[in-house]
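Pasting start09.cif here (mmCIF, N, CA and C atoms):
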data_data
#
loop_
_atom_site.label_atom_id
_atom_site.label_comp_id
_atom_site.auth_asym_id
_atom_site.auth_seq_id
_atom_site.Cartn_x
_atom_site.Cartn_y
_atom_site.Cartn_z
N MET X 164 40.42 0.19 11.95
CA MET X 164 41.48 -0.26 11.06
C MET X 164 42.84 0.21 11.58
N GLY X 165 42.82 1.05 12.60
CA GLY X 165 44.06 1.50 13.20
C GLY X 165 44.80 0.33 13.82
N GLY X 166 46.08 0.44 13.93
CA GLY X 166 46.87 -0.63 14.48
C GLY X 166 47.81 -0.10 15.54
N ARG X 167 48.21 -0.99 16.42
CA ARG X 167 49.16 -0.63 17.46
C ARG X 167 50.38 -1.52 17.29
N GLN X 168 51.52 -0.93 17.53
CA GLN X 168 52.76 -1.69 17.48
C GLN X 168 53.65 -1.19 18.59
N GLU X 169 54.23 -2.11 19.32
CA GLU X 169 55.08 -1.73 20.43
C GLU X 169 56.49 -1.44 19.94
N ARG X 170 57.05 -0.35 20.48
CA ARG X 170 58.40 0.04 20.12
C ARG X 170 59.03 0.66 21.36
N ASP X 171 60.10 0.05 21.81
CA ASP X 171 60.78 0.54 23.01
C ASP X 171 59.82 0.63 24.19
N GLY X 172 58.91 -0.30 24.31
CA GLY X 172 58.00 -0.32 25.43
C GLY X 172 56.83 0.63 25.31
N ARG X 173 56.80 1.43 24.26
CA ARG X 173 55.71 2.38 24.06
C ARG X 173 54.83 1.89 22.93
N MET X 174 53.59 2.27 22.99
CA MET X 174 52.66 1.89 21.93
C MET X 174 52.54 3.01 20.91
N LEU X 175 52.60 2.61 19.65
CA LEU X 175 52.37 3.55 18.56
C LEU X 175 50.97 3.29 18.03
N THR X 176 50.27 4.33 17.75
CA THR X 176 48.94 4.19 17.19
C THR X 176 48.93 4.76 15.78
N VAL X 177 48.44 3.96 14.84
CA VAL X 177 48.28 4.42 13.47
C VAL X 177 46.79 4.66 13.27
N ARG X 178 46.46 5.90 13.03
CA ARG X 178 45.05 6.27 12.86
C ARG X 178 44.54 5.82 11.49
N PRO X 179 43.25 5.62 11.39
CA PRO X 179 42.68 5.20 10.10
C PRO X 179 43.05 6.12 8.95
N GLU X 180 43.06 7.43 9.17
CA GLU X 180 43.40 8.35 8.09
C GLU X 180 44.87 8.21 7.69
N GLN X 181 45.73 7.83 8.63
CA GLN X 181 47.13 7.57 8.28
C GLN X 181 47.24 6.30 7.45
N MET X 182 46.50 5.27 7.84
CA MET X 182 46.49 4.02 7.06
C MET X 182 46.00 4.27 5.64
N GLU X 183 44.99 5.10 5.50
CA GLU X 183 44.45 5.44 4.18
C GLU X 183 45.50 6.19 3.36
N ALA X 184 46.24 7.09 4.00
CA ALA X 184 47.30 7.82 3.29
C ALA X 184 48.39 6.85 2.82
N PHE X 185 48.74 5.89 3.66
CA PHE X 185 49.73 4.88 3.27
C PHE X 185 49.22 4.04 2.09
N ARG X 186 47.94 3.67 2.16
CA ARG X 186 47.34 2.87 1.09
C ARG X 186 47.35 3.63 -0.22
N ARG X 187 46.97 4.90 -0.19
CA ARG X 187 46.95 5.72 -1.41
C ARG X 187 48.35 5.88 -1.99
N ALA X 188 49.33 6.10 -1.12
CA ALA X 188 50.71 6.25 -1.60
C ALA X 188 51.21 4.96 -2.23
N ALA X 189 50.90 3.83 -1.61
CA ALA X 189 51.31 2.54 -2.18
C ALA X 189 50.62 2.29 -3.52
N ALA X 190 49.35 2.65 -3.62
CA ALA X 190 48.61 2.46 -4.87
C ALA X 190 49.20 3.34 -5.98
N THR X 191 49.58 4.56 -5.64
CA THR X 191 50.18 5.46 -6.63
C THR X 191 51.52 4.91 -7.11
N ARG X 192 52.33 4.40 -6.18
CA ARG X 192 53.63 3.82 -6.57
C ARG X 192 53.42 2.58 -7.44
N PHE X 193 52.46 1.74 -7.09
CA PHE X 193 52.19 0.53 -7.88
C PHE X 193 51.75 0.91 -9.29
N ALA X 194 50.86 1.88 -9.42
CA ALA X 194 50.39 2.30 -10.74
C ALA X 194 51.55 2.83 -11.57
N ALA X 195 52.44 3.60 -10.97
CA ALA X 195 53.59 4.12 -11.70
C ALA X 195 54.50 2.99 -12.16
N ARG X 196 54.68 1.98 -11.30
CA ARG X 196 55.49 0.81 -11.70
C ARG X 196 54.83 0.07 -12.86
N MET X 197 53.51 -0.01 -12.87
CA MET X 197 52.82 -0.72 -13.94
C MET X 197 52.92 0.06 -15.25
N VAL X 198 52.86 1.38 -15.21
CA VAL X 198 53.03 2.19 -16.42
C VAL X 198 54.42 1.93 -17.00
N ALA X 199 55.44 1.96 -16.14
CA ALA X 199 56.81 1.70 -16.60
C ALA X 199 56.95 0.28 -17.11
N HIS X 200 56.34 -0.68 -16.42
CA HIS X 200 56.42 -2.08 -16.83
C HIS X 200 55.82 -2.29 -18.22
N LEU X 201 54.65 -1.72 -18.45
CA LEU X 201 54.01 -1.89 -19.76
C LEU X 201 54.85 -1.27 -20.86
N GLY X 202 55.43 -0.11 -20.59
CA GLY X 202 56.29 0.52 -21.59
C GLY X 202 57.52 -0.30 -21.90
N ALA X 203 58.07 -0.96 -20.89
CA ALA X 203 59.29 -1.76 -21.08
C ALA X 203 58.98 -3.14 -21.66
N THR X 204 57.85 -3.71 -21.25
CA THR X 204 57.52 -5.08 -21.64
C THR X 204 56.76 -5.17 -22.96
N LEU X 205 55.93 -4.19 -23.21
CA LEU X 205 55.11 -4.19 -24.42
C LEU X 205 55.31 -2.87 -25.18
N PRO X 206 56.56 -2.57 -25.55
CA PRO X 206 56.83 -1.26 -26.16
C PRO X 206 56.09 -1.02 -27.47
N ASP X 207 55.95 -2.05 -28.29
CA ASP X 207 55.25 -1.85 -29.57
C ASP X 207 53.79 -1.51 -29.35
N GLU X 208 53.18 -2.13 -28.34
CA GLU X 208 51.76 -1.93 -28.09
C GLU X 208 51.47 -0.56 -27.48
N VAL X 209 52.41 -0.01 -26.69
CA VAL X 209 52.14 1.28 -26.06
C VAL X 209 52.80 2.45 -26.77
N ARG X 210 53.65 2.15 -27.75
CA ARG X 210 54.30 3.22 -28.51
C ARG X 210 53.22 4.07 -29.17
N GLY X 211 53.39 5.34 -29.11
CA GLY X 211 52.42 6.24 -29.73
C GLY X 211 51.30 6.65 -28.80
N LEU X 212 51.14 5.97 -27.67
CA LEU X 212 50.13 6.38 -26.71
C LEU X 212 50.71 7.45 -25.80
N ARG X 213 49.93 8.44 -25.49
CA ARG X 213 50.39 9.46 -24.54
C ARG X 213 50.51 8.84 -23.16
N GLU X 214 51.43 9.34 -22.37
CA GLU X 214 51.63 8.80 -21.02
C GLU X 214 50.34 8.87 -20.21
N GLN X 215 49.60 9.93 -20.38
CA GLN X 215 48.34 10.09 -19.67
C GLN X 215 47.35 8.98 -20.05
N THR X 216 47.36 8.57 -21.31
CA THR X 216 46.49 7.49 -21.77
C THR X 216 46.88 6.18 -21.10
N VAL X 217 48.17 5.91 -21.03
CA VAL X 217 48.64 4.67 -20.39
C VAL X 217 48.32 4.72 -18.89
N GLU X 218 48.49 5.87 -18.27
CA GLU X 218 48.16 6.00 -16.85
C GLU X 218 46.68 5.72 -16.61
N SER X 219 45.83 6.24 -17.49
CA SER X 219 44.39 6.00 -17.37
C SER X 219 44.06 4.52 -17.58
N LEU X 220 44.69 3.90 -18.58
CA LEU X 220 44.49 2.48 -18.83
C LEU X 220 44.88 1.67 -17.59
N VAL X 221 45.99 2.02 -16.97
CA VAL X 221 46.45 1.32 -15.76
C VAL X 221 45.46 1.51 -14.63
N SER X 222 45.03 2.74 -14.41
CA SER X 222 44.10 3.02 -13.33
C SER X 222 42.79 2.25 -13.49
N LEU X 223 42.22 2.31 -14.69
CA LEU X 223 40.97 1.59 -14.96
C LEU X 223 41.20 0.08 -14.91
N GLY X 224 42.35 -0.36 -15.39
CA GLY X 224 42.66 -1.79 -15.38
C GLY X 224 42.81 -2.35 -13.99
N ILE X 225 43.44 -1.60 -13.11
CA ILE X 225 43.58 -2.05 -11.71
C ILE X 225 42.20 -2.21 -11.09
N GLU X 226 41.35 -1.24 -11.32
CA GLU X 226 39.99 -1.29 -10.79
C GLU X 226 39.22 -2.49 -11.35
N ALA X 227 39.33 -2.71 -12.65
CA ALA X 227 38.64 -3.84 -13.28
C ALA X 227 39.17 -5.17 -12.74
N ALA X 228 40.49 -5.29 -12.62
CA ALA X 228 41.09 -6.53 -12.10
C ALA X 228 40.56 -6.83 -10.71
N GLN X 229 40.51 -5.82 -9.86
CA GLN X 229 40.01 -6.02 -8.51
C GLN X 229 38.55 -6.46 -8.52
N GLY X 230 37.78 -5.91 -9.46
CA GLY X 230 36.38 -6.31 -9.60
C GLY X 230 36.22 -7.77 -9.99
N TYR X 231 37.22 -8.33 -10.64
CA TYR X 231 37.19 -9.75 -11.01
C TYR X 231 37.84 -10.63 -9.95
N GLY X 232 38.20 -10.04 -8.81
CA GLY X 232 38.79 -10.83 -7.74
C GLY X 232 40.28 -11.07 -7.92
N ILE X 233 40.90 -10.30 -8.78
CA ILE X 233 42.34 -10.39 -9.01
C ILE X 233 42.98 -9.39 -8.07
N ARG X 234 43.67 -9.90 -7.05
CA ARG X 234 44.12 -9.03 -5.97
C ARG X 234 45.64 -8.94 -5.81
N THR X 235 46.37 -9.90 -6.36
CA THR X 235 47.83 -9.87 -6.19
C THR X 235 48.46 -8.92 -7.19
N ALA X 236 49.64 -8.41 -6.85
CA ALA X 236 50.36 -7.51 -7.77
C ALA X 236 50.65 -8.23 -9.08
N ASP X 237 51.08 -9.47 -9.01
CA ASP X 237 51.37 -10.22 -10.24
C ASP X 237 50.10 -10.43 -11.06
N GLY X 238 49.00 -10.72 -10.40
CA GLY X 238 47.74 -10.91 -11.11
C GLY X 238 47.29 -9.64 -11.81
N VAL X 239 47.38 -8.52 -11.12
CA VAL X 239 47.00 -7.24 -11.73
C VAL X 239 47.91 -6.94 -12.91
N LYS X 240 49.19 -7.22 -12.75
CA LYS X 240 50.14 -6.99 -13.86
C LYS X 240 49.73 -7.83 -15.07
N ARG X 241 49.41 -9.10 -14.85
CA ARG X 241 48.99 -9.97 -15.95
C ARG X 241 47.71 -9.45 -16.61
N PHE X 242 46.76 -8.97 -15.80
CA PHE X 242 45.53 -8.42 -16.34
C PHE X 242 45.82 -7.19 -17.20
N LEU X 243 46.70 -6.33 -16.72
CA LEU X 243 47.05 -5.14 -17.49
C LEU X 243 47.74 -5.51 -18.80
N GLU X 244 48.62 -6.49 -18.75
CA GLU X 244 49.27 -6.95 -19.98
C GLU X 244 48.24 -7.47 -20.97
N ALA X 245 47.27 -8.24 -20.48
CA ALA X 245 46.21 -8.75 -21.36
C ALA X 245 45.40 -7.60 -21.93
N THR X 246 45.13 -6.59 -21.12
CA THR X 246 44.36 -5.43 -21.58
C THR X 246 45.09 -4.73 -22.72
N VAL X 247 46.39 -4.55 -22.57
CA VAL X 247 47.16 -3.88 -23.62
C VAL X 247 47.21 -4.75 -24.87
N ARG X 248 47.40 -6.03 -24.70
CA ARG X 248 47.55 -6.92 -25.86
C ARG X 248 46.22 -7.19 -26.56
N LEU X 249 45.12 -7.26 -25.80
CA LEU X 249 43.82 -7.58 -26.39
C LEU X 249 42.97 -6.35 -26.69
N GLY X 250 43.31 -5.25 -26.07
CA GLY X 250 42.55 -4.02 -26.27
C GLY X 250 41.65 -3.73 -25.09
N SER X 251 41.53 -2.47 -24.79
CA SER X 251 40.65 -2.04 -23.70
C SER X 251 39.23 -2.51 -23.99
N GLY X 252 38.59 -3.03 -22.98
CA GLY X 252 37.23 -3.53 -23.15
C GLY X 252 37.14 -4.95 -23.66
N PHE X 253 38.27 -5.65 -23.75
CA PHE X 253 38.24 -7.04 -24.23
C PHE X 253 37.33 -7.90 -23.37
N ASP X 254 37.22 -7.58 -22.11
CA ASP X 254 36.44 -8.40 -21.17
C ASP X 254 34.93 -8.24 -21.33
N THR X 255 34.51 -7.24 -22.10
CA THR X 255 33.08 -7.06 -22.36
C THR X 255 32.76 -7.10 -23.86
N ASP X 256 33.72 -7.53 -24.65
CA ASP X 256 33.56 -7.58 -26.10
C ASP X 256 32.59 -8.70 -26.47
N PRO X 257 31.45 -8.37 -27.10
CA PRO X 257 30.49 -9.41 -27.47
C PRO X 257 31.04 -10.39 -28.51
N ALA X 258 32.09 -10.00 -29.21
CA ALA X 258 32.70 -10.91 -30.19
C ALA X 258 33.55 -11.99 -29.50
N ARG X 259 33.94 -11.76 -28.25
CA ARG X 259 34.76 -12.73 -27.49
C ARG X 259 34.17 -12.94 -26.10
N PRO X 260 32.92 -13.40 -25.99
CA PRO X 260 32.28 -13.52 -24.67
C PRO X 260 33.00 -14.49 -23.73
N GLU X 261 33.74 -15.42 -24.28
CA GLU X 261 34.43 -16.40 -23.44
C GLU X 261 35.51 -15.76 -22.57
N LEU X 262 36.07 -14.63 -23.03
CA LEU X 262 37.12 -13.97 -22.26
C LEU X 262 36.55 -13.36 -20.98
N GLY X 263 35.46 -12.63 -21.11
CA GLY X 263 34.81 -12.06 -19.93
C GLY X 263 34.26 -13.14 -19.02
N ALA X 264 33.73 -14.20 -19.62
CA ALA X 264 33.19 -15.30 -18.80
C ALA X 264 34.27 -15.94 -17.94
N ALA X 265 35.46 -16.06 -18.49
CA ALA X 265 36.57 -16.64 -17.72
C ALA X 265 36.88 -15.78 -16.50
N LEU X 266 36.79 -14.48 -16.65
CA LEU X 266 37.09 -13.57 -15.55
C LEU X 266 35.96 -13.49 -14.53
N ARG X 267 34.75 -13.78 -14.95
CA ARG X 267 33.60 -13.69 -14.04
C ARG X 267 33.30 -14.99 -13.31
N ASP X 268 34.01 -16.06 -13.61
CA ASP X 268 33.74 -17.36 -12.99
C ASP X 268 33.98 -17.29 -11.48
N PRO X 269 32.93 -17.43 -10.67
CA PRO X 269 33.09 -17.30 -9.22
C PRO X 269 33.73 -18.53 -8.56
N GLU X 270 33.88 -19.58 -9.32
CA GLU X 270 34.40 -20.83 -8.76
C GLU X 270 35.92 -20.91 -8.75
N ILE X 271 36.60 -19.98 -9.39
CA ILE X 271 38.06 -20.06 -9.45
C ILE X 271 38.69 -18.75 -8.98
N ASP X 272 39.93 -18.86 -8.49
CA ASP X 272 40.61 -17.67 -7.97
C ASP X 272 41.19 -16.83 -9.10
N GLY X 273 41.74 -15.69 -8.72
CA GLY X 273 42.24 -14.73 -9.71
C GLY X 273 43.30 -15.29 -10.63
N ASN X 274 44.27 -16.03 -10.08
CA ASN X 274 45.33 -16.58 -10.93
C ASN X 274 44.78 -17.61 -11.91
N ALA X 275 43.85 -18.43 -11.46
CA ALA X 275 43.25 -19.42 -12.35
C ALA X 275 42.43 -18.72 -13.45
N LYS X 276 41.77 -17.63 -13.10
CA LYS X 276 41.04 -16.85 -14.11
C LYS X 276 42.00 -16.35 -15.18
N LEU X 277 43.14 -15.84 -14.74
CA LEU X 277 44.12 -15.31 -15.69
C LEU X 277 44.72 -16.42 -16.54
N ASP X 278 44.98 -17.58 -15.94
CA ASP X 278 45.49 -18.72 -16.71
C ASP X 278 44.50 -19.08 -17.81
N ARG X 279 43.21 -19.14 -17.44
CA ARG X 279 42.17 -19.48 -18.42
C ARG X 279 42.07 -18.40 -19.49
N LEU X 280 42.08 -17.14 -19.08
CA LEU X 280 42.00 -16.03 -20.03
C LEU X 280 43.15 -16.10 -21.03
N GLU X 281 44.36 -16.27 -20.53
CA GLU X 281 45.54 -16.31 -21.42
C GLU X 281 45.45 -17.48 -22.40
N LYS X 282 44.95 -18.60 -21.92
CA LYS X 282 44.82 -19.77 -22.81
C LYS X 282 43.75 -19.50 -23.88
N LEU X 283 42.59 -19.01 -23.46
CA LEU X 283 41.51 -18.73 -24.41
C LEU X 283 41.89 -17.67 -25.44
N ALA X 284 42.65 -16.67 -25.00
CA ALA X 284 43.01 -15.56 -25.88
C ALA X 284 44.25 -15.85 -26.70
N GLY X 285 44.90 -16.97 -26.44
CA GLY X 285 46.11 -17.30 -27.17
C GLY X 285 47.31 -16.46 -26.75
N LEU X 286 47.26 -15.99 -25.51
CA LEU X 286 48.41 -15.24 -24.96
C LEU X 286 49.34 -16.26 -24.31
N ASP X 287 50.56 -16.27 -24.75
CA ASP X 287 51.48 -17.29 -24.25
C ASP X 287 52.25 -16.89 -23.00
N GLY X 288 52.06 -15.65 -22.53
CA GLY X 288 52.75 -15.19 -21.35
C GLY X 288 54.22 -14.85 -21.59
N SER X 289 54.67 -14.86 -22.84
CA SER X 289 56.07 -14.62 -23.12
C SER X 289 56.49 -13.18 -22.80
N HIS X 290 55.53 -12.28 -22.66
CA HIS X 290 55.88 -10.89 -22.35
C HIS X 290 56.04 -10.66 -20.86
N ARG X 291 55.69 -11.67 -20.04
CA ARG X 291 55.79 -11.49 -18.61
C ARG X 291 57.22 -11.36 -18.17
N ALA X 292 57.44 -10.42 -17.27
CA ALA X 292 58.77 -10.22 -16.70
C ALA X 292 58.65 -10.01 -15.22
#

Rewrite the structure of this file - the entire thing - as structure tokens.
Amino acid sequence: MGGRQERDGRMLTVRPEQMEAFRRAAATRFAARMVAHLGATLPDEVRGLREQTVESLVSLGIEAAQGYGIRTADGVKRFLEATVRLGSGFDTDPARPELGAALRDPEIDGNAKLDRLEKLAGLDGSHRA
């Protein structure tokens, strides 16, 4: 996974452990941006939650989104917004099986899954920023 890039005629080598450190740092920054985004975009929904709770929700939500094939930053953001608006565990709620089914559909990509989820759940996307 290491990469080489030429600079001034010399080759730079990025070792796998360096790439992993970059990936972890980027993931930490993204999670922090999502915590701030949820607080700014959905203040009523996150008011009263401890910051640690929101951080945990974001961490678990990012992992869940990736498990559903949602890989873009915008897609993960939309998934997190849905999680806050619908409640943690909405995707496995037996009272709303259609929501989880939309996310598990292997025939459509992540954005299409989110479009279907938002339509089924009655989320109009007005909170997106």

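With distances restricted to all atoms listed in the file, X:Leu243 is the closest residue to Leu220 (chain X) from X:Gly202, X:Arg234, X:Ala265, X:Leu243.
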
Q: Excluding Leu283 (chain X) and residues on its chain fewer than 3 positions from it, collect all residues at most 7 Å away from it, counting all atoms listed in the file, and give them as a list in words.
A: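 So, after excluding close chain neighbours, the residues are Glu261, Leu262, Asp278, Arg279, Leu280 and Leu286 of chain X.
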
Q: Kindly give the distance, in Å, that separates CA of Thr246 (chain X) and CA of Pro206 (chain X), rounded to a single decimal.
A: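 Interatomic distance, CA of Thr246 (chain X) to CA of Pro206 (chain X): 13.9 Å.
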
**Q.** Residue nearest Val239 (chain X) among X:Ala190, X:Leu212, X:Met197, X:Val217 (counting all atoms listed in the file)
**A.**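 Checking each candidate against Val239 (chain X), we get X:Met197 as the closest.
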
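Nearest-residue note for Ala284 (chain X): choosing from X:Val198, X:Ala258, X:Ala228, X:Ala245, the minimum distance belongs to X:Ala245, counting only C-alpha atoms.
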
Q) For Glu218 (chain X), which residue among X:Met182, X:Val247, X:Ala195, X:Ala189 is the nearest when counting all atoms listed in the file? A) X:Ala195

Q.
Between CA of Arg248 (chain X) and CA of Asp207 (chain X), what is the distance in Å, rounded to a tenth?
A.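 Those two atoms sit 9.9 Å apart.
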
(Q) Using Å and a single decimal, report how far CA of Gln215 (chain X) sits from CA of Gly252 (chain X). (A) 17.9 Å

Q.
Please extract the residues of region 171-291 of chain X with a backbone DSSP assignment of helix (DSSP H, G or I) and present them as a PyMOL selection string.
A. chain X and resi 179-204+206-209+214-230+236-249+253-255+260-267+273-284

Q. For Ala227 (chain X), which residue out of X:Arg196, X:Arg187, X:Arg210, X:Arg267 is the nearest one, using only C-alpha atoms?
A. X:Arg267

(Q) Among chain X, which residues does DSSP mark as strand (DSSP E or B) when it is run on the backbone? Keep the chain and numbering as in the structure and answer as number ranges by chain. (A) X: 166-170, 173-177

(Q) Can you translate the PyMOL selection byres ((chain X and resi 274) around 7) into the concrete residues it hits in this file, as number ranges by chain? (A) X: 232-234, 238, 271-273, 275-279

Q: Measuring atom to atom with only C-alpha atoms, identify which of X:Ser219, X:Tyr231, X:Glu214, X:Met174 is nearest to Glu270 (chain X).
A: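 Among the listed residues, the smallest separation from Glu270 (chain X) belongs to X:Tyr231.
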
Reconstruct region 212-222 of chain X at the level of all heavy atoms, and format the result as a CSV table (one decimal), keeping the file's coordinate frame.
chain,number,residue,atom,x,y,z
X,212,LEU,N,51.1,6.0,-27.7
X,212,LEU,CA,50.1,6.4,-26.7
X,212,LEU,C,50.7,7.4,-25.8
X,212,LEU,O,51.9,7.4,-25.4
X,212,LEU,CB,49.7,5.2,-25.8
X,212,LEU,CG,49.0,4.0,-26.6
X,212,LEU,CD1,48.7,2.9,-25.6
X,212,LEU,CD2,47.7,4.5,-27.3
X,213,ARG,N,49.9,8.4,-25.5
X,213,ARG,CA,50.4,9.5,-24.5
X,213,ARG,C,50.5,8.8,-23.2
X,213,ARG,O,49.8,7.9,-22.8
X,213,ARG,CB,49.4,10.6,-24.5
X,213,ARG,CG,49.3,11.4,-25.8
X,213,ARG,CD,48.5,12.6,-25.7
X,213,ARG,NE,47.8,12.8,-24.4
X,213,ARG,CZ,46.6,13.2,-24.2
X,213,ARG,NH1,45.9,13.6,-25.2
X,213,ARG,NH2,46.1,13.4,-23.0
X,214,GLU,N,51.4,9.3,-22.4
X,214,GLU,CA,51.6,8.8,-21.0
X,214,GLU,C,50.3,8.9,-20.2
X,214,GLU,O,50.0,7.9,-19.5
X,214,GLU,CB,52.7,9.5,-20.3
X,214,GLU,CG,53.1,8.9,-18.9
X,214,GLU,CD,54.3,9.5,-18.3
X,214,GLU,OE1,55.0,10.3,-18.9
X,214,GLU,OE2,54.5,9.3,-17.1
X,215,GLN,N,49.6,9.9,-20.4
X,215,GLN,CA,48.3,10.1,-19.7
X,215,GLN,C,47.4,9.0,-20.0
X,215,GLN,O,46.6,8.5,-19.2
X,215,GLN,CB,47.7,11.5,-20.0
X,215,GLN,CG,46.5,11.8,-19.2
X,215,GLN,CD,46.0,13.2,-19.4
X,215,GLN,OE1,46.2,13.7,-20.5
X,215,GLN,NE2,45.3,13.7,-18.5
X,216,THR,N,47.4,8.6,-21.3
X,216,THR,CA,46.5,7.5,-21.8
X,216,THR,C,46.9,6.2,-21.1
X,216,THR,O,46.0,5.4,-20.6
X,216,THR,CB,46.6,7.4,-23.3
X,216,THR,OG1,46.2,8.6,-23.9
X,216,THR,CG2,45.7,6.2,-23.8
X,217,VAL,N,48.2,5.9,-21.0
X,217,VAL,CA,48.6,4.7,-20.4
X,217,VAL,C,48.3,4.7,-18.9
X,217,VAL,O,47.9,3.7,-18.3
X,217,VAL,CB,50.2,4.5,-20.6
X,217,VAL,CG1,50.6,3.2,-19.9
X,217,VAL,CG2,50.4,4.4,-22.1
X,218,GLU,N,48.5,5.9,-18.3
X,218,GLU,CA,48.2,6.0,-16.8
X,218,GLU,C,46.7,5.7,-16.6
X,218,GLU,O,46.3,5.0,-15.7
X,218,GLU,CB,48.5,7.4,-16.3
X,218,GLU,CG,50.0,7.6,-16.2
X,218,GLU,CD,50.4,9.1,-16.0
X,218,GLU,OE1,49.5,10.0,-16.0
X,218,GLU,OE2,51.6,9.3,-15.7
X,219,SER,N,45.8,6.2,-17.5
X,219,SER,CA,44.4,6.0,-17.4
X,219,SER,C,44.1,4.5,-17.6
X,219,SER,O,43.3,3.9,-16.8
X,219,SER,CB,43.6,6.9,-18.4
X,219,SER,OG,42.3,6.6,-18.3
X,220,LEU,N,44.7,3.9,-18.6
X,220,LEU,CA,44.5,2.5,-18.8
X,220,LEU,C,44.9,1.7,-17.6
X,220,LEU,O,44.2,0.8,-17.2
X,220,LEU,CB,45.3,2.0,-20.0
X,220,LEU,CG,45.2,0.6,-20.4
X,220,LEU,CD1,45.2,0.5,-21.9
X,220,LEU,CD2,46.3,-0.2,-19.8
X,221,VAL,N,46.0,2.0,-17.0
X,221,VAL,CA,46.4,1.3,-15.8
X,221,VAL,C,45.5,1.5,-14.6
X,221,VAL,O,45.1,0.5,-14.0
X,221,VAL,CB,47.9,1.8,-15.4
X,221,VAL,CG1,48.2,1.3,-14.0
X,221,VAL,CG2,48.9,1.2,-16.4
X,222,SER,N,45.0,2.7,-14.4
X,222,SER,CA,44.1,3.0,-13.3
X,222,SER,C,42.8,2.2,-13.5
X,222,SER,O,42.3,1.6,-12.6
X,222,SER,CB,43.8,4.5,-13.3
X,222,SER,OG,42.9,4.8,-12.3
